[in-house]
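Undergrad: One structure, pasted below without further comment.
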Amino acid sequence: MKLGYIKVYVWLACVLVANVILYTVVMLSRRPLSLQTPRRTMFIGGHMKLWQPMDLHGLPLWHLLKLYMAQLDNPILRNVTAQFNLMLPGTCGESFHGASQKLADFSSYPSHLQAFVLSMHCRDYTLLIGPADDKACSDGTQLLVAVRSQLANFDRRQAIRQTWGQTGLVRNVTVQTLFLLGRQGSGDRYPDLEALLQLERRKNKDLLLWDFQDTFYNLSLKDILFLGWLKGHCPSVEFIFLGDDDVFLRVDALVAYTGSLNATPQRGFFTGHVIQDAAPVHDSKHKYYVPESFYQGTYPPYVGGGGFLCSRDVATQLYEASCHLPLFPINNVYLGICLEELGLVPQNHPGFWTFNMEDEGQEDLCAYKDLILVEHRKPQDIIRLWRGLHDPALTC
């Protein structure tokens, strides 16, 4: 073969290899979340485009952590993170002092928010109580109802079990209810409820309790732990409702609604009471206080915290997205952030009433006939509504 042909072939081979390398670098830096493997699932991770500009000066802590985790999760950029001057703790037992040191006003944070910042790196909490024999769902369960609760809320859980949370067939759909709990240590603030908890566990077999401190700012953690647990359980479940233990849920209306959807398996489905253009509350005395040094800008669309309904694939994707994003202290906002990361927009449903009803309508049973969820109901209210709405004599 002539020398000229050999040079041409070598040149073409080099061009081909260079293009393959360039293509690989670009695709690694912009892979979809669903195809990425978290760096360590117990800690926050991230992703970003290779060419994203980096201006770290004056960034609020949450945004800084998002960029930092993005670089850690990027195989090309993970070795050039020295500019952040930040290091994740090696274990969950270590406090995240590196994050607190980035906050000049950290000492002014409320104690529960300080606790959140110091532990926000960790997702690896042991499941202390789960359904017996690891059988969380009966065979063929199609709708899983997961209820956020706290250990001391025995009366709320029992009211739900006696009413809308009953496990079994609803309109030929098999429904299963589980309660999600964290730890509340006994001491000056909390009574010792261990004996009652074990009794409830043996009798009902519907509790999931993780070894983390159950506080308002850890509700995001509770949601993510549940979504991570769900990946390996309840394979027949098609829809998931996740809500609070102070709501009245019309499961029959929820099942009817899912049945009205397209008969093909639902994908990308997430609905509830959608809140648009909300911004952080900067009043330190407010329940939803988020300092400017922690997060700035408006929130993406999210659903009210009373509850939402989603398809199985979205539940899985939300967990995957959370592995790439720092935790946020308000759980419904955090799920909105995860949805935005996935490129999904929550759908508004008028039957989800997150902000309660007008006072004059609360006693009118017929006002509930067209609703799916109403928030802020006491156990007595839940039982009264359930009995009233199932009274054969009720006419609307």
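Each chain in the structure tokens gets a letter, A, B and so on, in the order shown; residues start at 1 in every chain, and ligands are counted from 1 in the order they appear.
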Which polymer residues have any atom within 12 Å of an atom of Arg157 (chain A), counting only C-alpha atoms, with same-chain residues fewer than 2 positions away left out, as a PyMOL selection string?

TA: chain A and resi 146-155+159-166+177-181+197+200-201+204+206-207+244-248+378-380+382-383

Undergrad: Could those residues be written to a file, using N, CA and C atoms, as a CSV table (one decimal), in the first residue's frame?

TA:
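So selection-v1.csv came out as:
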chain,number,residue,atom,x,y,z
A,146,ALA,N,-50.0,6.3,51.3
A,146,ALA,CA,-48.9,6.5,52.3
A,146,ALA,C,-49.2,7.8,53.1
A,147,VAL,N,-49.3,7.7,54.4
A,147,VAL,CA,-49.7,8.8,55.3
A,147,VAL,C,-48.5,9.2,56.2
A,148,ARG,N,-48.1,10.5,56.0
A,148,ARG,CA,-47.1,11.0,56.9
A,148,ARG,C,-47.7,11.2,58.3
A,149,SER,N,-47.1,10.6,59.3
A,149,SER,CA,-47.6,10.8,60.7
A,149,SER,C,-46.4,11.0,61.6
A,150,GLN,N,-46.7,11.2,62.9
A,150,GLN,CA,-45.7,11.3,63.9
A,150,GLN,C,-46.1,10.3,65.0
A,151,LEU,N,-45.0,9.8,65.7
A,151,LEU,CA,-45.2,8.7,66.6
A,151,LEU,C,-46.4,8.9,67.6
A,152,ALA,N,-46.5,10.1,68.1
A,152,ALA,CA,-47.5,10.4,69.1
A,152,ALA,C,-48.9,10.5,68.6
A,153,ASN,N,-49.1,10.5,67.3
A,153,ASN,CA,-50.4,10.7,66.7
A,153,ASN,C,-51.2,9.4,66.6
A,154,PHE,N,-51.3,8.7,67.7
A,154,PHE,CA,-52.1,7.4,67.6
A,154,PHE,C,-53.5,7.6,67.2
A,155,ASP,N,-54.1,8.7,67.8
A,155,ASP,CA,-55.6,8.9,67.5
A,155,ASP,C,-55.8,9.3,66.0
A,159,ALA,N,-58.1,6.8,63.7
A,159,ALA,CA,-59.3,7.4,63.0
A,159,ALA,C,-59.2,7.1,61.5
A,160,ILE,N,-58.1,7.2,60.9
A,160,ILE,CA,-57.9,6.9,59.5
A,160,ILE,C,-58.2,5.4,59.2
A,161,ARG,N,-57.6,4.5,60.1
A,161,ARG,CA,-57.8,3.1,59.9
A,161,ARG,C,-59.3,2.8,59.9
A,162,GLN,N,-60.1,3.4,60.8
A,162,GLN,CA,-61.5,3.1,60.9
A,162,GLN,C,-62.3,3.7,59.8
A,163,THR,N,-61.8,4.6,59.0
A,163,THR,CA,-62.6,5.3,58.0
A,163,THR,C,-61.9,5.2,56.6
A,164,TRP,N,-61.4,6.3,56.1
A,164,TRP,CA,-60.9,6.2,54.7
A,164,TRP,C,-59.7,5.4,54.5
A,165,GLY,N,-59.0,5.1,55.5
A,165,GLY,CA,-57.7,4.3,55.3
A,165,GLY,C,-57.8,2.8,55.4
A,166,GLN,N,-59.1,2.3,55.3
A,166,GLN,CA,-59.2,0.9,55.4
A,166,GLN,C,-58.6,0.2,54.2
A,177,THR,N,-52.9,0.9,52.8
A,177,THR,CA,-52.5,2.1,53.6
A,177,THR,C,-51.3,1.8,54.5
A,178,LEU,N,-50.4,2.7,54.4
A,178,LEU,CA,-49.2,2.6,55.3
A,178,LEU,C,-49.0,4.0,55.9
A,179,PHE,N,-48.4,4.0,57.1
A,179,PHE,CA,-48.1,5.2,57.9
A,179,PHE,C,-46.6,5.3,58.0
A,180,LEU,N,-46.1,6.6,57.7
A,180,LEU,CA,-44.7,6.9,57.7
A,180,LEU,C,-44.3,7.6,58.9
A,181,LEU,N,-43.3,7.1,59.6
A,181,LEU,CA,-42.9,7.7,60.9
A,181,LEU,C,-41.4,7.9,61.0
A,197,LEU,N,-46.2,1.9,70.9
A,197,LEU,CA,-45.8,1.7,69.5
A,197,LEU,C,-45.7,0.3,69.1
A,200,GLU,N,-49.2,-1.2,68.8
A,200,GLU,CA,-49.8,-0.7,67.5
A,200,GLU,C,-49.1,-1.5,66.3
A,201,ARG,N,-47.8,-1.7,66.4
A,201,ARG,CA,-47.1,-2.4,65.3
A,201,ARG,C,-47.6,-3.9,65.2
A,204,ASN,N,-51.5,-3.8,63.9
A,204,ASN,CA,-51.9,-3.3,62.6
A,204,ASN,C,-51.0,-3.6,61.4
A,206,ASP,N,-48.9,-1.9,59.8
A,206,ASP,CA,-48.9,-0.9,58.7
A,206,ASP,C,-48.0,0.3,58.9
A,207,LEU,N,-46.9,0.1,59.7
A,207,LEU,CA,-46.1,1.2,60.0
A,207,LEU,C,-44.7,1.0,59.3
A,244,ASP,N,-50.9,13.8,54.4
A,244,ASP,CA,-50.7,14.0,55.9
A,244,ASP,C,-51.8,13.3,56.7
A,245,ASP,N,-51.6,13.1,58.0
A,245,ASP,CA,-52.6,12.4,58.8
A,245,ASP,C,-53.7,13.3,59.3
A,246,ASP,N,-53.7,14.6,58.9
A,246,ASP,CA,-54.8,15.5,59.3
A,246,ASP,C,-55.7,15.8,58.1
A,247,VAL,N,-55.8,14.9,57.1
A,247,VAL,CA,-56.6,15.2,55.9
A,247,VAL,C,-57.8,14.2,55.9
A,248,PHE,N,-58.9,14.6,55.3
A,248,PHE,CA,-60.0,13.7,55.0
A,248,PHE,C,-59.9,13.4,53.5
A,378,LYS,N,-59.6,17.2,62.4
A,378,LYS,CA,-59.3,16.4,63.6
A,378,LYS,C,-59.8,15.0,63.5
A,379,PRO,N,-59.3,14.1,64.3
A,379,PRO,CA,-59.8,12.7,64.2
A,379,PRO,C,-61.3,12.6,64.4
A,380,GLN,N,-61.9,13.4,65.3
A,380,GLN,CA,-63.4,13.4,65.4
A,380,GLN,C,-64.1,13.9,64.2
A,382,ILE,N,-62.9,13.5,61.1
A,382,ILE,CA,-62.7,12.5,60.1
A,382,ILE,C,-63.8,11.4,60.3
A,383,ILE,N,-64.0,11.0,61.5
A,383,ILE,CA,-65.0,10.0,61.8
A,383,ILE,C,-66.4,10.5,61.5

Undergrad: To test your reading of the structure, identify every residue in region 79-302 of chain A that backbone DSSP assigns to strand (DSSP E), and report it as a PyMOL selection string.

TA: chain A and resi 127-129+143-148+168-170+173-183+207-213+239-244+248-249+270-272+274-275+302

Undergrad: Find the distance between CA of Asp252 (chain A) and CA of His233 (chain A) and write it in Å to one decimal.

TA: 23.8 Å

Undergrad: Would you list the contacts of Leu209 (chain A) as a list in words, taking every protein, DNA or RNA residue within 6 Å and counting only C-alpha atoms, but skipping same-chain residues closer than 2 positions in sequence?

TA: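 Close residues of Leu209 (chain A): Leu127, Leu128, Ile129, Leu181 and Gly182 of chain A.
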
Undergrad: I want to know what sits within 7 Å of Ala279 (chain A), based on only C-alpha atoms, with residues of the same chain fewer than 4 positions away left out; could you give that as a list in words?

TA: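 Result of the neighbour search: Gly297, Thr298 and Tyr299 of chain A.
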
Undergrad: Excluding same-chain residues fewer than 5 positions from Gly228 (chain A), what lies within 10 Å of it counting only C-alpha atoms, as a ChimeraX atom specification?

TA: /A:41,123,222-223,233,315-316,318-320,322-323

Undergrad: Selection from above, N, CA and C atoms, as a PDB file, in the first residue's frame, can you write it?

TA:
ATOM      1  N   THR A  41     -25.808   6.856  47.246  1.00  0.00           N
ATOM      2  CA  THR A  41     -27.214   7.155  47.448  1.00  0.00           C
ATOM      3  C   THR A  41     -27.498   7.666  48.846  1.00  0.00           C
ATOM      4  N   ARG A 123     -28.804  10.618  53.900  1.00  0.00           N
ATOM      5  CA  ARG A 123     -30.053   9.946  53.526  1.00  0.00           C
ATOM      6  C   ARG A 123     -30.071   8.502  54.020  1.00  0.00           C
ATOM      7  N   LYS A 222     -38.335  12.353  55.052  1.00  0.00           N
ATOM      8  CA  LYS A 222     -39.313  11.264  55.189  1.00  0.00           C
ATOM      9  C   LYS A 222     -39.878  10.877  53.825  1.00  0.00           C
ATOM     10  N   ASP A 223     -40.225  11.867  53.003  1.00  0.00           N
ATOM     11  CA  ASP A 223     -40.756  11.580  51.667  1.00  0.00           C
ATOM     12  C   ASP A 223     -39.754  10.794  50.834  1.00  0.00           C
ATOM     13  N   HIS A 233     -40.433  -2.455  46.713  1.00  0.00           N
ATOM     14  CA  HIS A 233     -41.612  -3.046  47.318  1.00  0.00           C
ATOM     15  C   HIS A 233     -42.860  -2.731  46.486  1.00  0.00           C
ATOM     16  N   ALA A 315     -42.965   8.378  40.900  1.00  0.00           N
ATOM     17  CA  ALA A 315     -42.432   8.127  42.242  1.00  0.00           C
ATOM     18  C   ALA A 315     -40.972   7.682  42.166  1.00  0.00           C
ATOM     19  N   THR A 316     -40.674   6.801  41.221  1.00  0.00           N
ATOM     20  CA  THR A 316     -39.300   6.335  41.046  1.00  0.00           C
ATOM     21  C   THR A 316     -38.387   7.472  40.593  1.00  0.00           C
ATOM     22  N   LEU A 318     -38.802  10.681  41.022  1.00  0.00           N
ATOM     23  CA  LEU A 318     -38.622  11.672  42.085  1.00  0.00           C
ATOM     24  C   LEU A 318     -37.498  11.250  43.022  1.00  0.00           C
ATOM     25  N   TYR A 319     -37.448   9.974  43.339  1.00  0.00           N
ATOM     26  CA  TYR A 319     -36.358   9.489  44.201  1.00  0.00           C
ATOM     27  C   TYR A 319     -35.013   9.666  43.496  1.00  0.00           C
ATOM     28  N   GLU A 320     -34.943   9.322  42.232  1.00  0.00           N
ATOM     29  CA  GLU A 320     -33.692   9.465  41.483  1.00  0.00           C
ATOM     30  C   GLU A 320     -33.262  10.926  41.416  1.00  0.00           C
ATOM     31  N   SER A 322     -33.977  13.252  43.563  1.00  0.00           N
ATOM     32  CA  SER A 322     -33.559  13.701  44.893  1.00  0.00           C
ATOM     33  C   SER A 322     -32.118  13.314  45.206  1.00  0.00           C
ATOM     34  N   CYS A 323     -31.633  12.252  44.597  1.00  0.00           N
ATOM     35  CA  CYS A 323     -30.240  11.834  44.814  1.00  0.00           C
ATOM     36  C   CYS A 323     -29.252  12.829  44.217  1.00  0.00           C
TER      37      CYS A 323
END

Undergrad: Which distance in Å separates CA of Val251 (chain A) and CA of Ile337 (chain A), to one decimal?

TA: 27.3 Å

Undergrad: Pick out the residues sitting within 9 Å of Pro110 (chain A), and hand them over as a PyMOL selection string; count only C-alpha atoms, and ignore anything fewer than 4 positions along from it in its own chain.

TA: chain A and resi 106+114-115+284-285

Undergrad: Using only C-alpha atoms, determine which residues lie at most 7 Å from Tyr295 (chain A), disregarding the query and same-chain residues fewer than 5 positions distant; provide the list as a PyMOL selection string.

TA: chain A and resi 60-63+290

Undergrad: Distance CA of Cys310 (chain A)-CA of Phe269 (chain A), one decimal place?

TA: 5.2 Å

Undergrad: From a DSSP pass on the backbone, collect the residues of region 303-388 of chain A flagged as alpha helix (DSSP H) and hand them back as an MDAnalysis selection string.

TA: chainID A and resid 312:322 331:342 379:388

Undergrad: Write to file, as a compact mmCIF listing (two decimals), in the first residue's frame, the residues of the selection just made, with N, CA and C atoms.

TA:
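File written: part30.txt
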# COMPACT_ATOMS: atom_id res chain seq x y z
N ARG A 312 -46.61 5.40 39.24
CA ARG A 312 -45.46 4.68 39.80
C ARG A 312 -44.14 5.18 39.22
N ASP A 313 -44.11 5.47 37.93
CA ASP A 313 -42.86 5.88 37.31
C ASP A 313 -42.39 7.23 37.85
N VAL A 314 -43.32 8.14 38.15
CA VAL A 314 -42.94 9.44 38.70
C VAL A 314 -42.38 9.28 40.11
N ALA A 315 -42.97 8.38 40.90
CA ALA A 315 -42.43 8.13 42.24
C ALA A 315 -40.97 7.68 42.17
N THR A 316 -40.67 6.80 41.22
CA THR A 316 -39.30 6.33 41.05
C THR A 316 -38.39 7.47 40.59
N GLN A 317 -38.86 8.26 39.63
CA GLN A 317 -38.05 9.36 39.12
C GLN A 317 -37.81 10.44 40.17
N LEU A 318 -38.80 10.68 41.02
CA LEU A 318 -38.62 11.67 42.09
C LEU A 318 -37.50 11.25 43.02
N TYR A 319 -37.45 9.97 43.34
CA TYR A 319 -36.36 9.49 44.20
C TYR A 319 -35.01 9.67 43.50
N GLU A 320 -34.94 9.32 42.23
CA GLU A 320 -33.69 9.47 41.48
C GLU A 320 -33.26 10.93 41.42
N ALA A 321 -34.23 11.83 41.18
CA ALA A 321 -33.90 13.25 41.13
C ALA A 321 -33.38 13.74 42.47
N SER A 322 -33.98 13.25 43.56
CA SER A 322 -33.56 13.70 44.89
C SER A 322 -32.12 13.31 45.21
N ASN A 331 -41.07 20.18 52.50
CA ASN A 331 -41.14 18.99 51.67
C ASN A 331 -41.94 19.17 50.38
N ASN A 332 -43.07 19.88 50.42
CA ASN A 332 -43.85 20.02 49.19
C ASN A 332 -43.11 20.89 48.17
N VAL A 333 -42.36 21.89 48.65
CA VAL A 333 -41.52 22.69 47.74
C VAL A 333 -40.42 21.82 47.17
N TYR A 334 -39.82 20.97 48.00
CA TYR A 334 -38.73 20.12 47.53
C TYR A 334 -39.19 19.17 46.43
N LEU A 335 -40.38 18.60 46.58
CA LEU A 335 -40.89 17.74 45.51
C LEU A 335 -41.13 18.53 44.24
N GLY A 336 -41.54 19.81 44.37
CA GLY A 336 -41.67 20.67 43.20
C GLY A 336 -40.33 20.91 42.53
N ILE A 337 -39.28 21.08 43.33
CA ILE A 337 -37.94 21.25 42.78
C ILE A 337 -37.51 20.00 42.03
N CYS A 338 -37.81 18.83 42.61
CA CYS A 338 -37.46 17.57 41.94
C CYS A 338 -38.23 17.41 40.63
N LEU A 339 -39.52 17.79 40.64
CA LEU A 339 -40.30 17.71 39.41
C LEU A 339 -39.71 18.62 38.32
N GLU A 340 -39.31 19.82 38.72
CA GLU A 340 -38.71 20.74 37.75
C GLU A 340 -37.43 20.15 37.19
N GLU A 341 -36.64 19.51 38.03
CA GLU A 341 -35.40 18.88 37.55
C GLU A 341 -35.69 17.79 36.54
N LEU A 342 -36.83 17.13 36.69
CA LEU A 342 -37.22 16.07 35.77
C LEU A 342 -37.91 16.59 34.52
N PRO A 379 -59.30 14.06 64.30
CA PRO A 379 -59.82 12.68 64.24
C PRO A 379 -61.34 12.60 64.38
N GLN A 380 -61.91 13.43 65.27
CA GLN A 380 -63.36 13.41 65.43
C GLN A 380 -64.07 13.86 64.16
N ASP A 381 -63.49 14.86 63.48
CA ASP A 381 -64.07 15.35 62.23
C ASP A 381 -64.02 14.27 61.15
N ILE A 382 -62.91 13.54 61.10
CA ILE A 382 -62.75 12.49 60.10
C ILE A 382 -63.82 11.41 60.28
N ILE A 383 -64.03 11.00 61.53
CA ILE A 383 -65.04 9.96 61.80
C ILE A 383 -66.45 10.48 61.48
N ARG A 384 -66.73 11.71 61.87
CA ARG A 384 -68.05 12.29 61.60
C ARG A 384 -68.32 12.39 60.10
N LEU A 385 -67.33 12.87 59.36
CA LEU A 385 -67.51 13.01 57.91
C LEU A 385 -67.69 11.64 57.25
N TRP A 386 -66.91 10.68 57.68
CA TRP A 386 -66.99 9.34 57.09
C TRP A 386 -68.39 8.74 57.30
N ARG A 387 -68.87 8.82 58.54
CA ARG A 387 -70.18 8.26 58.84
C ARG A 387 -71.29 9.01 58.10
N GLY A 388 -71.16 10.33 58.06
CA GLY A 388 -72.19 11.12 57.40
C GLY A 388 -72.26 10.86 55.90

Undergrad: With only C-alpha atoms as the basis for distance, which of A:Asn172, A:Ser107, A:Gln296, A:Thr354 is at the shortest distance from Gly243 (chain A)?

TA: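 Ranking A:Asn172, A:Ser107, A:Gln296, A:Thr354 by distance to Gly243 (chain A), first place goes to A:Thr354.
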
Undergrad: Measuring atom to atom with only C-alpha atoms, identify which of A:His282, A:His121, A:Arg183, A:His349 is nearest to Tyr109 (chain A).

TA: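 Nearest to Tyr109 (chain A): A:His282.
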
Undergrad: From the options A:Tyr257, A:Tyr288, A:Tyr302, A:Phe328, which residue's atoms come nearest to Ile372 (chain A), counting only C-alpha atoms?

TA: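 Ranking A:Tyr257, A:Tyr288, A:Tyr302, A:Phe328 by distance to Ile372 (chain A), first place goes to A:Tyr257.
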
Undergrad: Pick from A:Ser236, A:Thr395, A:Gln158, A:Ser220: nearest to Gln176 (chain A), with only C-alpha atoms counted?

TA: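 So, comparing all the options, the nearest one is A:Ser236.
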
Undergrad: Of the candidates A:Asp105, A:Glu363, A:Asp124, A:Glu94, which one gets nearest to Phe212 (chain A) if we count only C-alpha atoms?

TA: A:Asp124

Undergrad: Select, from A:Leu113, A:Leu144, A:Leu169, A:Leu67, the residue with the minimum atom-to-atom distance to Phe241 (chain A), counting only C-alpha atoms.

TA: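 So, comparing all the options, the nearest one is A:Leu144.
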